[in-house]
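Next up, start13.txt (compact mmCIF, N, CA and C atoms):
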```
# COMPACT_ATOMS: atom_id res chain seq x y z
N MET P 5 148.12 173.40 97.90
CA MET P 5 147.00 173.96 98.63
C MET P 5 146.03 174.57 97.62
N ASN P 6 144.77 174.30 97.77
CA ASN P 6 143.72 174.82 96.89
C ASN P 6 142.75 175.61 97.76
N LYS P 7 142.91 176.94 97.80
CA LYS P 7 142.05 177.77 98.64
C LYS P 7 141.86 179.11 97.96
N VAL P 8 140.62 179.61 98.02
CA VAL P 8 140.31 180.92 97.47
C VAL P 8 139.35 181.64 98.42
N ILE P 9 139.56 182.93 98.58
CA ILE P 9 138.67 183.77 99.39
C ILE P 9 138.31 184.98 98.53
N ILE P 10 137.01 185.20 98.36
CA ILE P 10 136.53 186.30 97.51
C ILE P 10 135.47 187.08 98.26
N TYR P 11 135.54 188.40 98.15
CA TYR P 11 134.50 189.28 98.69
C TYR P 11 133.79 189.92 97.51
N GLY P 12 132.46 189.91 97.53
CA GLY P 12 131.73 190.54 96.45
C GLY P 12 130.23 190.46 96.66
N SER P 13 129.50 190.74 95.60
CA SER P 13 128.03 190.75 95.63
C SER P 13 127.49 189.51 94.92
N ILE P 14 126.45 188.93 95.49
CA ILE P 14 125.82 187.75 94.91
C ILE P 14 124.99 188.16 93.70
N GLY P 15 125.09 187.37 92.63
CA GLY P 15 124.21 187.51 91.49
C GLY P 15 122.92 186.76 91.78
N GLU P 16 122.13 186.46 90.78
CA GLU P 16 120.85 185.76 90.98
C GLU P 16 121.11 184.31 91.43
N PRO P 17 120.74 183.95 92.69
CA PRO P 17 120.98 182.57 93.16
C PRO P 17 119.94 181.60 92.61
N LYS P 18 120.37 180.36 92.39
CA LYS P 18 119.46 179.29 91.97
C LYS P 18 119.62 178.14 92.96
N PHE P 19 118.50 177.68 93.49
CA PHE P 19 118.50 176.60 94.48
C PHE P 19 117.93 175.34 93.86
N ARG P 20 118.51 174.19 94.21
CA ARG P 20 117.94 172.91 93.80
C ARG P 20 118.16 171.88 94.91
N ASP P 21 117.20 170.96 95.04
CA ASP P 21 117.30 169.91 96.04
C ASP P 21 118.13 168.75 95.49
N VAL P 22 118.92 168.14 96.39
CA VAL P 22 119.74 167.00 96.03
C VAL P 22 119.58 165.94 97.10
N ASN P 23 119.28 164.71 96.69
CA ASN P 23 119.21 163.60 97.64
C ASN P 23 120.62 163.10 97.92
N THR P 24 120.98 163.05 99.20
CA THR P 24 122.27 162.51 99.61
C THR P 24 122.02 161.36 100.56
N LYS P 25 123.08 160.64 100.92
CA LYS P 25 122.87 159.52 101.85
C LYS P 25 122.48 160.01 103.24
N ASN P 26 122.68 161.30 103.51
CA ASN P 26 122.29 161.87 104.80
C ASN P 26 120.97 162.64 104.72
N GLY P 27 120.23 162.47 103.65
CA GLY P 27 118.95 163.17 103.49
C GLY P 27 119.00 164.19 102.38
N ILE P 28 117.96 165.00 102.31
CA ILE P 28 117.87 166.01 101.25
C ILE P 28 118.64 167.26 101.68
N ARG P 29 119.48 167.74 100.78
CA ARG P 29 120.20 168.99 100.99
C ARG P 29 119.89 169.91 99.81
N GLU P 30 120.23 171.17 99.97
CA GLU P 30 120.05 172.13 98.89
C GLU P 30 121.41 172.56 98.36
N VAL P 31 121.46 172.75 97.06
CA VAL P 31 122.65 173.30 96.44
C VAL P 31 122.26 174.66 95.90
N CYS P 32 123.03 175.66 96.26
CA CYS P 32 122.80 177.01 95.77
C CYS P 32 123.94 177.37 94.82
N SER P 33 123.58 177.71 93.60
CA SER P 33 124.56 178.15 92.61
C SER P 33 124.33 179.64 92.35
N PHE P 34 125.40 180.39 92.37
CA PHE P 34 125.29 181.82 92.09
C PHE P 34 126.63 182.36 91.59
N GLY P 35 126.56 183.49 90.96
CA GLY P 35 127.76 184.20 90.58
C GLY P 35 128.10 185.20 91.66
N ILE P 36 129.37 185.47 91.83
CA ILE P 36 129.79 186.53 92.75
C ILE P 36 130.56 187.56 91.93
N CYS P 37 130.17 188.79 92.09
CA CYS P 37 130.70 189.90 91.31
C CYS P 37 131.70 190.69 92.16
N GLN P 38 132.85 190.97 91.56
CA GLN P 38 133.89 191.70 92.28
C GLN P 38 134.43 192.81 91.39
N PRO P 39 134.48 194.05 91.90
CA PRO P 39 135.04 195.14 91.10
C PRO P 39 136.50 194.85 90.76
N GLU P 40 136.90 195.19 89.54
CA GLU P 40 138.24 194.85 89.07
C GLU P 40 139.02 196.06 88.58
N GLY P 41 138.54 197.25 88.82
CA GLY P 41 139.23 198.45 88.35
C GLY P 41 138.40 199.20 87.34
N LYS P 42 138.98 200.25 86.78
CA LYS P 42 138.25 201.09 85.83
C LYS P 42 138.93 201.05 84.47
N ASP P 43 138.11 201.22 83.42
CA ASP P 43 138.65 201.28 82.07
C ASP P 43 139.04 202.72 81.74
N ALA P 44 139.44 202.97 80.49
CA ALA P 44 139.89 204.30 80.06
C ALA P 44 138.81 205.36 80.17
N GLN P 45 137.54 204.96 80.07
CA GLN P 45 136.43 205.92 80.15
C GLN P 45 135.96 206.13 81.60
N GLY P 46 136.57 205.45 82.55
CA GLY P 46 136.19 205.61 83.94
C GLY P 46 135.09 204.67 84.40
N ASN P 47 134.67 203.74 83.54
CA ASN P 47 133.66 202.75 83.92
C ASN P 47 134.29 201.62 84.71
N THR P 48 133.59 201.15 85.71
CA THR P 48 134.11 200.06 86.53
C THR P 48 133.97 198.73 85.80
N ASN P 49 135.04 197.96 85.79
CA ASN P 49 135.02 196.60 85.24
C ASN P 49 134.78 195.63 86.38
N PHE P 50 134.05 194.56 86.09
CA PHE P 50 133.74 193.57 87.11
C PHE P 50 134.19 192.19 86.66
N ALA P 51 134.60 191.38 87.61
CA ALA P 51 134.90 189.97 87.36
C ALA P 51 133.80 189.15 88.01
N TRP P 52 133.36 188.10 87.33
CA TRP P 52 132.32 187.21 87.85
C TRP P 52 132.91 185.83 88.09
N TYR P 53 132.58 185.24 89.22
CA TYR P 53 133.04 183.91 89.56
C TYR P 53 131.82 183.04 89.88
N ASN P 54 131.81 181.81 89.38
CA ASN P 54 130.72 180.88 89.67
C ASN P 54 130.98 180.18 91.00
N VAL P 55 129.94 180.12 91.83
CA VAL P 55 130.05 179.55 93.18
C VAL P 55 128.98 178.48 93.37
N GLU P 56 129.34 177.41 94.06
CA GLU P 56 128.37 176.39 94.46
C GLU P 56 128.47 176.22 95.97
N TYR P 57 127.32 176.34 96.64
CA TYR P 57 127.28 176.28 98.11
C TYR P 57 126.21 175.28 98.54
N TRP P 58 126.58 174.29 99.34
CA TRP P 58 125.65 173.28 99.85
C TRP P 58 125.18 173.69 101.22
N LEU P 59 123.86 173.61 101.45
CA LEU P 59 123.32 173.91 102.77
C LEU P 59 122.24 172.92 103.12
N ASP P 60 121.94 172.82 104.39
CA ASP P 60 120.91 171.89 104.86
C ASP P 60 119.54 172.35 104.38
N LYS P 61 118.70 171.38 104.05
CA LYS P 61 117.33 171.68 103.63
C LYS P 61 116.62 172.40 104.77
N GLY P 62 115.99 173.51 104.47
CA GLY P 62 115.26 174.27 105.47
C GLY P 62 116.14 175.23 106.27
N SER P 63 117.39 175.39 105.89
CA SER P 63 118.28 176.31 106.60
C SER P 63 117.75 177.74 106.50
N LYS P 64 117.76 178.44 107.63
CA LYS P 64 117.29 179.83 107.63
C LYS P 64 118.27 180.75 106.91
N LEU P 65 119.47 180.30 106.70
CA LEU P 65 120.45 181.09 105.97
C LEU P 65 120.01 181.32 104.52
N ARG P 66 119.19 180.42 103.99
CA ARG P 66 118.73 180.49 102.60
C ARG P 66 118.07 181.83 102.28
N GLN P 67 117.29 182.38 103.21
CA GLN P 67 116.58 183.63 102.94
C GLN P 67 117.51 184.84 102.81
N TYR P 68 118.77 184.69 103.22
CA TYR P 68 119.71 185.80 103.14
C TYR P 68 120.63 185.70 101.93
N ILE P 69 120.56 184.57 101.22
CA ILE P 69 121.36 184.41 100.01
C ILE P 69 120.52 184.96 98.86
N VAL P 70 120.61 186.27 98.68
CA VAL P 70 119.79 186.98 97.70
C VAL P 70 120.68 187.83 96.80
N LYS P 71 120.15 188.16 95.65
CA LYS P 71 120.88 188.99 94.70
C LYS P 71 121.26 190.32 95.36
N GLY P 72 122.53 190.69 95.23
CA GLY P 72 123.01 191.95 95.77
C GLY P 72 123.61 191.86 97.15
N ALA P 73 123.39 190.74 97.87
CA ALA P 73 123.94 190.60 99.22
C ALA P 73 125.47 190.54 99.13
N LYS P 74 126.12 191.22 100.05
CA LYS P 74 127.59 191.22 100.11
C LYS P 74 128.03 190.04 100.98
N VAL P 75 128.95 189.25 100.43
CA VAL P 75 129.41 188.05 101.13
C VAL P 75 130.91 187.86 100.96
N ILE P 76 131.44 187.06 101.86
CA ILE P 76 132.81 186.56 101.71
C ILE P 76 132.68 185.06 101.47
N VAL P 77 133.22 184.60 100.37
CA VAL P 77 133.18 183.19 100.01
C VAL P 77 134.56 182.61 100.23
N ASP P 78 134.62 181.54 100.98
CA ASP P 78 135.87 180.84 101.29
C ASP P 78 135.70 179.41 100.78
N GLY P 79 136.54 178.99 99.87
CA GLY P 79 136.36 177.65 99.33
C GLY P 79 137.54 177.18 98.51
N GLU P 80 137.25 176.23 97.62
CA GLU P 80 138.27 175.62 96.78
C GLU P 80 137.86 175.73 95.31
N LEU P 81 138.84 175.80 94.44
CA LEU P 81 138.58 175.82 93.01
C LEU P 81 138.37 174.40 92.50
N LYS P 82 137.40 174.24 91.61
CA LYS P 82 137.12 172.93 91.02
C LYS P 82 136.93 173.13 89.53
N THR P 83 137.59 172.31 88.74
CA THR P 83 137.44 172.36 87.30
C THR P 83 136.46 171.29 86.86
N GLU P 84 135.47 171.68 86.08
CA GLU P 84 134.51 170.73 85.52
C GLU P 84 134.76 170.65 84.02
N LYS P 85 134.75 169.43 83.49
CA LYS P 85 134.97 169.23 82.06
C LYS P 85 133.80 168.45 81.48
N TRP P 86 133.42 168.80 80.23
CA TRP P 86 132.37 168.10 79.52
C TRP P 86 132.60 168.26 78.02
N THR P 87 131.85 167.49 77.26
CA THR P 87 131.94 167.57 75.81
C THR P 87 130.60 168.05 75.26
N LYS P 88 130.64 169.05 74.40
CA LYS P 88 129.43 169.58 73.77
C LYS P 88 129.70 169.71 72.28
N ASP P 89 128.86 169.08 71.49
CA ASP P 89 128.99 169.10 70.03
C ASP P 89 130.39 168.65 69.59
N GLY P 90 130.93 167.67 70.29
CA GLY P 90 132.24 167.12 69.93
C GLY P 90 133.42 167.93 70.42
N ALA P 91 133.17 169.07 71.06
CA ALA P 91 134.26 169.91 71.54
C ALA P 91 134.38 169.79 73.06
N GLU P 92 135.62 169.66 73.53
CA GLU P 92 135.87 169.62 74.97
C GLU P 92 135.69 171.01 75.55
N ARG P 93 134.97 171.09 76.65
CA ARG P 93 134.73 172.37 77.33
C ARG P 93 135.13 172.21 78.80
N SER P 94 135.39 173.33 79.42
CA SER P 94 135.70 173.29 80.86
C SER P 94 135.32 174.62 81.50
N ALA P 95 135.10 174.56 82.79
CA ALA P 95 134.78 175.76 83.56
C ALA P 95 135.35 175.57 84.96
N ILE P 96 135.72 176.67 85.56
CA ILE P 96 136.22 176.64 86.93
C ILE P 96 135.18 177.28 87.82
N LYS P 97 134.87 176.63 88.93
CA LYS P 97 133.94 177.22 89.89
C LYS P 97 134.52 177.08 91.29
N ILE P 98 133.96 177.87 92.19
CA ILE P 98 134.39 177.84 93.59
C ILE P 98 133.41 176.96 94.36
N MET P 99 133.93 175.93 95.00
CA MET P 99 133.14 175.09 95.89
C MET P 99 133.23 175.75 97.27
N CYS P 100 132.17 176.44 97.65
CA CYS P 100 132.16 177.24 98.87
C CYS P 100 132.09 176.34 100.10
N ARG P 101 133.01 176.52 101.01
CA ARG P 101 133.02 175.80 102.29
C ARG P 101 132.47 176.68 103.41
N ASN P 102 132.71 177.96 103.32
CA ASN P 102 132.21 178.92 104.31
C ASN P 102 131.68 180.14 103.58
N LEU P 103 130.47 180.54 103.94
CA LEU P 103 129.84 181.72 103.37
C LEU P 103 129.59 182.69 104.52
N THR P 104 130.18 183.85 104.44
CA THR P 104 130.03 184.85 105.50
C THR P 104 129.23 186.03 104.96
N LEU P 105 128.09 186.29 105.58
CA LEU P 105 127.29 187.46 105.22
C LEU P 105 127.91 188.66 105.93
N THR P 106 128.13 189.74 105.19
CA THR P 106 128.78 190.90 105.80
C THR P 106 127.80 191.91 106.36
N GLY P 107 126.52 191.77 106.04
CA GLY P 107 125.52 192.70 106.57
C GLY P 107 125.52 194.03 105.87
N ASP P 108 126.13 194.11 104.67
CA ASP P 108 126.19 195.37 103.93
C ASP P 108 124.92 195.68 103.16
N ARG P 109 123.92 194.81 103.23
CA ARG P 109 122.69 195.04 102.48
C ARG P 109 121.50 194.77 103.39
N GLN P 110 120.43 195.51 103.17
CA GLN P 110 119.21 195.29 103.93
C GLN P 110 118.69 193.89 103.62
N ALA P 111 118.51 193.08 104.63
CA ALA P 111 118.03 191.71 104.46
C ALA P 111 116.70 191.57 105.17
N PRO P 112 115.90 190.57 104.79
CA PRO P 112 114.63 190.36 105.47
C PRO P 112 114.84 189.98 106.93
N ALA P 113 113.86 190.27 107.76
CA ALA P 113 113.97 189.93 109.18
C ALA P 113 114.01 188.42 109.34
N PRO P 114 114.81 187.92 110.28
CA PRO P 114 114.88 186.48 110.47
C PRO P 114 113.55 185.91 110.94
N VAL P 115 113.31 184.66 110.56
CA VAL P 115 112.11 183.97 110.98
C VAL P 115 112.26 183.60 112.45
N ALA P 116 111.22 183.88 113.25
CA ALA P 116 111.28 183.55 114.68
C ALA P 116 111.29 182.04 114.85
N ASP P 117 112.30 181.54 115.56
CA ASP P 117 112.45 180.11 115.78
C ASP P 117 113.45 179.93 116.91
N ASP P 118 113.28 178.87 117.66
CA ASP P 118 114.20 178.61 118.76
C ASP P 118 115.55 178.11 118.27
N ASN P 119 115.59 177.51 117.08
CA ASN P 119 116.82 176.93 116.58
C ASN P 119 117.39 177.80 115.48
N ASP P 120 118.19 178.77 115.85
CA ASP P 120 118.81 179.64 114.84
C ASP P 120 120.33 179.52 114.89
N ASP P 121 120.82 178.29 115.15
CA ASP P 121 122.26 178.06 115.25
C ASP P 121 122.99 178.27 113.94
N ASP P 122 122.28 178.17 112.80
CA ASP P 122 122.96 178.31 111.52
C ASP P 122 123.02 179.75 111.02
N LEU P 123 122.54 180.71 111.83
CA LEU P 123 122.58 182.11 111.43
C LEU P 123 123.76 182.82 112.09
N PRO P 124 124.39 183.77 111.38
CA PRO P 124 125.42 184.58 112.01
C PRO P 124 124.83 185.43 113.13
N ASP P 125 125.66 185.85 114.07
CA ASP P 125 125.20 186.60 115.24
C ASP P 125 124.42 187.86 114.86
N PHE P 126 124.85 188.59 113.81
CA PHE P 126 124.17 189.85 113.52
C PHE P 126 122.77 189.66 112.94
N LEU P 127 122.39 188.40 112.60
CA LEU P 127 121.05 188.13 112.09
C LEU P 127 120.11 187.56 113.14
N ARG P 128 120.62 187.23 114.31
CA ARG P 128 119.79 186.63 115.36
C ARG P 128 118.99 187.68 116.08
```
As structure tokens - that is how I would like this structure written.
Amino acid sequence: MNKVIIYGSIGEPKFRDVNTKNGIREVCSFGICQPEGKDAQGNTNFAWYNVEYWLDKGSKLRQYIVKGAKVIVDGELKTEKWTKDGAERSAIKIMCRNLTLTGDRQAPAPVADDNDDDLPDFLR
């Protein structure tokens, strides 16, 4: 079983369009920051995880994926490998299947529209 669930704050999100056989979708890449305890001086240590989340082009959820937003990410771990300057490199990222906004941060007001099926109840 390959499953991971993380709660934390979104870092700076980056969006890019991708053509798929079902049309244009957006891929959102961001880091998620999670407190990991304190060091000897009492400073909080943080762990960062790379996340990739696919959403429909024009999704209203996009406006809520902002730096500092608190979310729960539910997904799978994926290892990517590549070669740079003759050296093998790898990175692990979370392929997000479900993104839950917790409402812990002030977010912009939702755009008025009749079709808001992709928004969580607390944003409607």
Here is a test: counting only C-alpha atoms, which residue of P:Tyr68, P:Phe34, P:Trp58, P:Trp52 is nearest to Val22 in chain P? P:Trp58
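Selecting helix (DSSP H, G or I) from the backbone DSSP output for chain P yields Lys64, Leu65, Arg66, Gln67, Tyr68, Asp125, Phe126 and Leu127 of chain P.
Minimum atom-to-atom distance to Ile98 in chain P, evaluated using only N, CA and C atoms, belongs to P:Val55 out of P:Val55, P:Ile14, P:Val75, P:Ile9.
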Give me, as a short mmCIF file (atom, residue, chain, number, x, y, z; two decimals) with N, CA and C atoms, keeping the file's coordinate frame, the residues of chain P that a backbone DSSP run labels strand (DSSP E).
```
data_model
loop_
_atom_site.label_atom_id
_atom_site.label_comp_id
_atom_site.auth_asym_id
_atom_site.auth_seq_id
_atom_site.Cartn_x
_atom_site.Cartn_y
_atom_site.Cartn_z
N VAL P 8 140.62 179.61 98.02
CA VAL P 8 140.31 180.92 97.47
C VAL P 8 139.35 181.64 98.42
N ILE P 9 139.56 182.93 98.58
CA ILE P 9 138.67 183.77 99.39
C ILE P 9 138.31 184.98 98.53
N ILE P 10 137.01 185.20 98.36
CA ILE P 10 136.53 186.30 97.51
C ILE P 10 135.47 187.08 98.26
N TYR P 11 135.54 188.40 98.15
CA TYR P 11 134.50 189.28 98.69
C TYR P 11 133.79 189.92 97.51
N GLY P 12 132.46 189.91 97.53
CA GLY P 12 131.73 190.54 96.45
C GLY P 12 130.23 190.46 96.66
N SER P 13 129.50 190.74 95.60
CA SER P 13 128.03 190.75 95.63
C SER P 13 127.49 189.51 94.92
N ILE P 14 126.45 188.93 95.49
CA ILE P 14 125.82 187.75 94.91
C ILE P 14 124.99 188.16 93.70
N LYS P 18 120.37 180.36 92.39
CA LYS P 18 119.46 179.29 91.97
C LYS P 18 119.62 178.14 92.96
N PHE P 19 118.50 177.68 93.49
CA PHE P 19 118.50 176.60 94.48
C PHE P 19 117.93 175.34 93.86
N ARG P 20 118.51 174.19 94.21
CA ARG P 20 117.94 172.91 93.80
C ARG P 20 118.16 171.88 94.91
N ASP P 21 117.20 170.96 95.04
CA ASP P 21 117.30 169.91 96.04
C ASP P 21 118.13 168.75 95.49
N VAL P 22 118.92 168.14 96.39
CA VAL P 22 119.74 167.00 96.03
C VAL P 22 119.58 165.94 97.10
N ASN P 23 119.28 164.71 96.69
CA ASN P 23 119.21 163.60 97.64
C ASN P 23 120.62 163.10 97.92
N THR P 24 120.98 163.05 99.20
CA THR P 24 122.27 162.51 99.61
C THR P 24 122.02 161.36 100.56
N GLY P 27 120.23 162.47 103.65
CA GLY P 27 118.95 163.17 103.49
C GLY P 27 119.00 164.19 102.38
N ILE P 28 117.96 165.00 102.31
CA ILE P 28 117.87 166.01 101.25
C ILE P 28 118.64 167.26 101.68
N ARG P 29 119.48 167.74 100.78
CA ARG P 29 120.20 168.99 100.99
C ARG P 29 119.89 169.91 99.81
N GLU P 30 120.23 171.17 99.97
CA GLU P 30 120.05 172.13 98.89
C GLU P 30 121.41 172.56 98.36
N VAL P 31 121.46 172.75 97.06
CA VAL P 31 122.65 173.30 96.44
C VAL P 31 122.26 174.66 95.90
N CYS P 32 123.03 175.66 96.26
CA CYS P 32 122.80 177.01 95.77
C CYS P 32 123.94 177.37 94.82
N SER P 33 123.58 177.71 93.60
CA SER P 33 124.56 178.15 92.61
C SER P 33 124.33 179.64 92.35
N PHE P 34 125.40 180.39 92.37
CA PHE P 34 125.29 181.82 92.09
C PHE P 34 126.63 182.36 91.59
N GLY P 35 126.56 183.49 90.96
CA GLY P 35 127.76 184.20 90.58
C GLY P 35 128.10 185.20 91.66
N ILE P 36 129.37 185.47 91.83
CA ILE P 36 129.79 186.53 92.75
C ILE P 36 130.56 187.56 91.93
N CYS P 37 130.17 188.79 92.09
CA CYS P 37 130.70 189.90 91.31
C CYS P 37 131.70 190.69 92.16
N GLN P 38 132.85 190.97 91.56
CA GLN P 38 133.89 191.70 92.28
C GLN P 38 134.43 192.81 91.39
N PRO P 39 134.48 194.05 91.90
CA PRO P 39 135.04 195.14 91.10
C PRO P 39 136.50 194.85 90.76
N GLU P 40 136.90 195.19 89.54
CA GLU P 40 138.24 194.85 89.07
C GLU P 40 139.02 196.06 88.58
N GLY P 41 138.54 197.25 88.82
CA GLY P 41 139.23 198.45 88.35
C GLY P 41 138.40 199.20 87.34
N LYS P 42 138.98 200.25 86.78
CA LYS P 42 138.25 201.09 85.83
C LYS P 42 138.93 201.05 84.47
N THR P 48 133.59 201.15 85.71
CA THR P 48 134.11 200.06 86.53
C THR P 48 133.97 198.73 85.80
N ASN P 49 135.04 197.96 85.79
CA ASN P 49 135.02 196.60 85.24
C ASN P 49 134.78 195.63 86.38
N PHE P 50 134.05 194.56 86.09
CA PHE P 50 133.74 193.57 87.11
C PHE P 50 134.19 192.19 86.66
N ALA P 51 134.60 191.38 87.61
CA ALA P 51 134.90 189.97 87.36
C ALA P 51 133.80 189.15 88.01
N TRP P 52 133.36 188.10 87.33
CA TRP P 52 132.32 187.21 87.85
C TRP P 52 132.91 185.83 88.09
N TYR P 53 132.58 185.24 89.22
CA TYR P 53 133.04 183.91 89.56
C TYR P 53 131.82 183.04 89.88
N ASN P 54 131.81 181.81 89.38
CA ASN P 54 130.72 180.88 89.67
C ASN P 54 130.98 180.18 91.00
N VAL P 55 129.94 180.12 91.83
CA VAL P 55 130.05 179.55 93.18
C VAL P 55 128.98 178.48 93.37
N GLU P 56 129.34 177.41 94.06
CA GLU P 56 128.37 176.39 94.46
C GLU P 56 128.47 176.22 95.97
N TYR P 57 127.32 176.34 96.64
CA TYR P 57 127.28 176.28 98.11
C TYR P 57 126.21 175.28 98.54
N TRP P 58 126.58 174.29 99.34
CA TRP P 58 125.65 173.28 99.85
C TRP P 58 125.18 173.69 101.22
N LEU P 59 123.86 173.61 101.45
CA LEU P 59 123.32 173.91 102.77
C LEU P 59 122.24 172.92 103.12
N ASP P 60 121.94 172.82 104.39
CA ASP P 60 120.91 171.89 104.86
C ASP P 60 119.54 172.35 104.38
N LYS P 74 126.12 191.22 100.05
CA LYS P 74 127.59 191.22 100.11
C LYS P 74 128.03 190.04 100.98
N VAL P 75 128.95 189.25 100.43
CA VAL P 75 129.41 188.05 101.13
C VAL P 75 130.91 187.86 100.96
N ILE P 76 131.44 187.06 101.86
CA ILE P 76 132.81 186.56 101.71
C ILE P 76 132.68 185.06 101.47
N VAL P 77 133.22 184.60 100.37
CA VAL P 77 133.18 183.19 100.01
C VAL P 77 134.56 182.61 100.23
N ASP P 78 134.62 181.54 100.98
CA ASP P 78 135.87 180.84 101.29
C ASP P 78 135.70 179.41 100.78
N GLY P 79 136.54 178.99 99.87
CA GLY P 79 136.36 177.65 99.33
C GLY P 79 137.54 177.18 98.51
N GLU P 80 137.25 176.23 97.62
CA GLU P 80 138.27 175.62 96.78
C GLU P 80 137.86 175.73 95.31
N LEU P 81 138.84 175.80 94.44
CA LEU P 81 138.58 175.82 93.01
C LEU P 81 138.37 174.40 92.50
N LYS P 82 137.40 174.24 91.61
CA LYS P 82 137.12 172.93 91.02
C LYS P 82 136.93 173.13 89.53
N THR P 83 137.59 172.31 88.74
CA THR P 83 137.44 172.36 87.30
C THR P 83 136.46 171.29 86.86
N GLU P 84 135.47 171.68 86.08
CA GLU P 84 134.51 170.73 85.52
C GLU P 84 134.76 170.65 84.02
N LYS P 85 134.75 169.43 83.49
CA LYS P 85 134.97 169.23 82.06
C LYS P 85 133.80 168.45 81.48
N TRP P 86 133.42 168.80 80.23
CA TRP P 86 132.37 168.10 79.52
C TRP P 86 132.60 168.26 78.02
N THR P 87 131.85 167.49 77.26
CA THR P 87 131.94 167.57 75.81
C THR P 87 130.60 168.05 75.26
N LYS P 88 130.64 169.05 74.40
CA LYS P 88 129.43 169.58 73.77
C LYS P 88 129.70 169.71 72.28
N ALA P 91 133.17 169.07 71.06
CA ALA P 91 134.26 169.91 71.54
C ALA P 91 134.38 169.79 73.06
N GLU P 92 135.62 169.66 73.53
CA GLU P 92 135.87 169.62 74.97
C GLU P 92 135.69 171.01 75.55
N ARG P 93 134.97 171.09 76.65
CA ARG P 93 134.73 172.37 77.33
C ARG P 93 135.13 172.21 78.80
N SER P 94 135.39 173.33 79.42
CA SER P 94 135.70 173.29 80.86
C SER P 94 135.32 174.62 81.50
N ALA P 95 135.10 174.56 82.79
CA ALA P 95 134.78 175.76 83.56
C ALA P 95 135.35 175.57 84.96
N ILE P 96 135.72 176.67 85.56
CA ILE P 96 136.22 176.64 86.93
C ILE P 96 135.18 177.28 87.82
N LYS P 97 134.87 176.63 88.93
CA LYS P 97 133.94 177.22 89.89
C LYS P 97 134.52 177.08 91.29
N ILE P 98 133.96 177.87 92.19
CA ILE P 98 134.39 177.84 93.59
C ILE P 98 133.41 176.96 94.36
N MET P 99 133.93 175.93 95.00
CA MET P 99 133.14 175.09 95.89
C MET P 99 133.23 175.75 97.27
N CYS P 100 132.17 176.44 97.65
CA CYS P 100 132.16 177.24 98.87
C CYS P 100 132.09 176.34 100.10
N ARG P 101 133.01 176.52 101.01
CA ARG P 101 133.02 175.80 102.29
C ARG P 101 132.47 176.68 103.41
N ASN P 102 132.71 177.96 103.32
CA ASN P 102 132.21 178.92 104.31
C ASN P 102 131.68 180.14 103.58
N LEU P 103 130.47 180.54 103.94
CA LEU P 103 129.84 181.72 103.37
C LEU P 103 129.59 182.69 104.52
N THR P 104 130.18 183.85 104.44
CA THR P 104 130.03 184.85 105.50
C THR P 104 129.23 186.03 104.96
N LEU P 105 128.09 186.29 105.58
CA LEU P 105 127.29 187.46 105.22
C LEU P 105 127.91 188.66 105.93
#
```
Which of P:Tyr53, P:Met99, P:Ser63, P:Tyr11 sits closest to Leu81 in chain P [using all atoms listed in the file]: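 Ranked by minimum distance to Leu81 in chain P, first place goes to P:Met99.
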Using Å and a single decimal, report how far CA of Lys71 in chain P sits from CA of Gly35 in chain P.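 Pair CA of Gly35 in chain P / CA of Lys71 in chain P returns 9.3 Å.
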